[in-house]
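Student: I'd like to ask you about the structure that follows.
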Amino acid sequence: MVFYFSGTGNSKYIGRRISDGIGDELFSINSALKNNMYFNNTDTDLLVFSVPTYAWQIPHIVRDWIEKSSFKKGAKAYFVLNCGGEIANAEKYVRGLCDKMDF
């Protein structure tokens, strides 16, 4: 499953391209947040997150949403980060989140 969070449309575009390429479902974190919903599927083995990089991290609202959602333990998670210049130390924070979520 491909998840995206987008303010300008870049992450949505990237997420859609990935979901089309791998033939998997596209899930809007934006819509889930607006509806106060969390993901609850512990059967999905592949997780792809397309998100922007804000202040060299993924957006806190996205991190919080992931932490409150339920995913399969040990699922393979990939983060596609986009930005205007560089992601700096965002990888460190994403790795910490993956460890916490058991991805």
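Residue numbering restarts at 1 for every chain of the structure tokens, chains are lettered A, B, ... in their displayed order, and ligands are numbered from 1 as they appear.
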Quick one: residues within 12 Å of Thr8 (chain A), only C-alpha atoms counted, chain neighbours fewer than 6 positions away excluded, as a list in words?
Tutor: Ile14, Asn30, Val51, Pro52, Asn82, Cys83 and Gly84 of chain A
Student: Output N, CA and C atoms for every residue in that selection, as a PDB file, in the first residue's frame.
Tutor:
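The resulting again33.pdb:
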ATOM      1  N   ILE A  14       4.055  11.744  -6.637  1.00  0.00           N
ATOM      2  CA  ILE A  14       5.042  10.676  -6.467  1.00  0.00           C
ATOM      3  C   ILE A  14       4.355   9.392  -6.001  1.00  0.00           C
ATOM      4  N   ASN A  30      -3.750  12.787   4.158  1.00  0.00           N
ATOM      5  CA  ASN A  30      -4.470  14.054   4.298  1.00  0.00           C
ATOM      6  C   ASN A  30      -5.940  13.808   4.612  1.00  0.00           C
ATOM      7  N   VAL A  51       6.185  11.404   1.343  1.00  0.00           N
ATOM      8  CA  VAL A  51       5.952  12.580   2.187  1.00  0.00           C
ATOM      9  C   VAL A  51       6.998  13.655   1.911  1.00  0.00           C
ATOM     10  N   PRO A  52       6.632  14.905   2.169  1.00  0.00           N
ATOM     11  CA  PRO A  52       7.622  15.971   2.033  1.00  0.00           C
ATOM     12  C   PRO A  52       8.564  15.984   3.235  1.00  0.00           C
ATOM     13  N   ASN A  82      10.549  13.946  -0.376  1.00  0.00           N
ATOM     14  CA  ASN A  82      10.849  14.950  -1.397  1.00  0.00           C
ATOM     15  C   ASN A  82      11.036  16.296  -0.723  1.00  0.00           C
ATOM     16  N   CYS A  83      11.814  17.126  -1.391  1.00  0.00           N
ATOM     17  CA  CYS A  83      12.132  18.429  -0.803  1.00  0.00           C
ATOM     18  C   CYS A  83      12.658  19.353  -1.885  1.00  0.00           C
ATOM     19  N   GLY A  84      12.866  20.602  -1.502  1.00  0.00           N
ATOM     20  CA  GLY A  84      13.396  21.575  -2.437  1.00  0.00           C
ATOM     21  C   GLY A  84      14.898  21.488  -2.582  1.00  0.00           C
TER      22      GLY A  84
END
Student: Quick one: DSSP strand (DSSP E or B) residues in chain A, as number ranges by chain?
Tutor: A: 2-4, 26-28, 40-41, 46-52, 54, 57, 70-71, 76-82
Student: For Asp43 (chain A), which residue out of A:Val2, A:Leu97, A:Ala75, A:Val80 is the nearest one, using only C-alpha atoms?
Tutor: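 Of A:Val2, A:Leu97, A:Ala75, A:Val80, the one nearest Asp43 (chain A) is A:Ala75, counting only C-alpha atoms.
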Student: List every residue of region 16-57 of chain A that DSSP, applied to the backbone of this structure, assigns to alpha helix (DSSP H), and report them as a PyMOL selection string.
Tutor: chain A and resi 16-22+29-34
Student: Write a file of the selected residues as a CSV table (one decimal), in the first residue's frame, keeping N, CA and C atoms.
Tutor:
chain,number,residue,atom,x,y,z
A,16,ARG,N,1.2,8.5,-6.4
A,16,ARG,CA,0.4,7.9,-7.5
A,16,ARG,C,1.3,7.2,-8.5
A,17,ARG,N,2.4,7.8,-8.8
A,17,ARG,CA,3.3,7.1,-9.8
A,17,ARG,C,3.8,5.8,-9.2
A,18,ILE,N,4.2,5.8,-7.9
A,18,ILE,CA,4.6,4.5,-7.3
A,18,ILE,C,3.5,3.5,-7.3
A,19,SER,N,2.3,3.9,-6.9
A,19,SER,CA,1.2,3.0,-6.8
A,19,SER,C,0.8,2.4,-8.1
A,20,ASP,N,0.8,3.2,-9.2
A,20,ASP,CA,0.6,2.8,-10.5
A,20,ASP,C,1.6,1.8,-11.0
A,21,GLY,N,2.9,2.1,-10.6
A,21,GLY,CA,4.0,1.2,-11.0
A,21,GLY,C,4.0,-0.1,-10.4
A,22,ILE,N,3.6,-0.2,-9.1
A,22,ILE,CA,3.6,-1.5,-8.4
A,22,ILE,C,2.2,-2.1,-8.3
A,29,ILE,N,-3.1,10.2,3.5
A,29,ILE,CA,-3.0,10.6,4.9
A,29,ILE,C,-3.8,11.9,5.1
A,30,ASN,N,-3.8,12.8,4.2
A,30,ASN,CA,-4.5,14.1,4.3
A,30,ASN,C,-5.9,13.8,4.6
A,31,SER,N,-6.6,12.9,3.8
A,31,SER,CA,-8.0,12.6,4.0
A,31,SER,C,-8.2,12.0,5.4
A,32,ALA,N,-7.3,11.1,5.7
A,32,ALA,CA,-7.5,10.4,7.0
A,32,ALA,C,-7.4,11.4,8.2
A,33,LEU,N,-6.5,12.3,8.1
A,33,LEU,CA,-6.4,13.3,9.1
A,33,LEU,C,-7.6,14.2,9.2
A,34,LYS,N,-8.1,14.6,8.1
A,34,LYS,CA,-9.3,15.5,8.0
A,34,LYS,C,-10.5,14.8,8.7
Student: Quick one: residues within 12 Å of Glu86 (chain A), only C-alpha atoms counted, chain neighbours fewer than 3 positions away excluded, as a CSV table (one decimal) with N, CA, C and O atoms, in the first residue's frame?
Tutor:
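Output file around35.csv is given in full below:
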chain,number,residue,atom,x,y,z
A,52,PRO,N,6.6,14.9,2.2
A,52,PRO,CA,7.6,16.0,2.0
A,52,PRO,C,8.6,16.0,3.2
A,52,PRO,O,8.3,15.4,4.3
A,53,THR,N,9.7,16.7,3.1
A,53,THR,CA,10.6,16.9,4.2
A,53,THR,C,10.4,18.3,4.7
A,53,THR,O,10.6,19.3,3.9
A,54,TYR,N,10.0,18.4,5.9
A,54,TYR,CA,9.9,19.8,6.6
A,54,TYR,C,10.9,19.9,7.6
A,54,TYR,O,11.0,19.0,8.5
A,55,ALA,N,11.7,20.9,7.6
A,55,ALA,CA,12.8,21.2,8.6
A,55,ALA,C,13.6,19.9,8.8
A,55,ALA,O,13.9,19.5,9.9
A,56,TRP,N,13.9,19.2,7.7
A,56,TRP,CA,14.8,18.1,7.6
A,56,TRP,C,14.2,16.9,8.4
A,56,TRP,O,15.0,16.0,8.9
A,57,GLN,N,12.9,16.8,8.5
A,57,GLN,CA,12.2,15.6,9.1
A,57,GLN,C,11.0,15.4,8.3
A,57,GLN,O,10.5,16.3,7.5
A,81,LEU,N,11.1,10.6,0.4
A,81,LEU,CA,11.0,12.0,0.9
A,81,LEU,C,11.4,12.9,-0.2
A,81,LEU,O,12.3,12.7,-1.0
A,82,ASN,N,10.5,13.9,-0.4
A,82,ASN,CA,10.8,14.9,-1.4
A,82,ASN,C,11.0,16.3,-0.7
A,82,ASN,O,10.5,16.5,0.4
A,83,CYS,N,11.8,17.1,-1.4
A,83,CYS,CA,12.1,18.4,-0.8
A,83,CYS,C,12.7,19.4,-1.9
A,83,CYS,O,12.9,18.9,-3.0
A,89,ASN,N,19.2,15.4,7.8
A,89,ASN,CA,19.3,14.2,8.7
A,89,ASN,C,17.9,13.5,8.9
A,89,ASN,O,17.7,12.8,9.9
A,90,ALA,N,17.0,13.7,7.9
A,90,ALA,CA,15.7,13.1,8.0
A,90,ALA,C,15.8,11.6,8.1
A,90,ALA,O,14.9,11.0,8.7
A,91,GLU,N,16.8,11.0,7.5
A,91,GLU,CA,16.9,9.5,7.5
A,91,GLU,C,17.0,9.0,9.0
A,91,GLU,O,16.4,8.0,9.3
Student: Extract, using only C-alpha atoms, all DNA, RNA and protein residues at most 8 Å from Asn40 (chain A), discarding same-chain residues fewer than 6 positions from it, and format them as a ChimeraX atom specification.
Tutor: /A:69-71
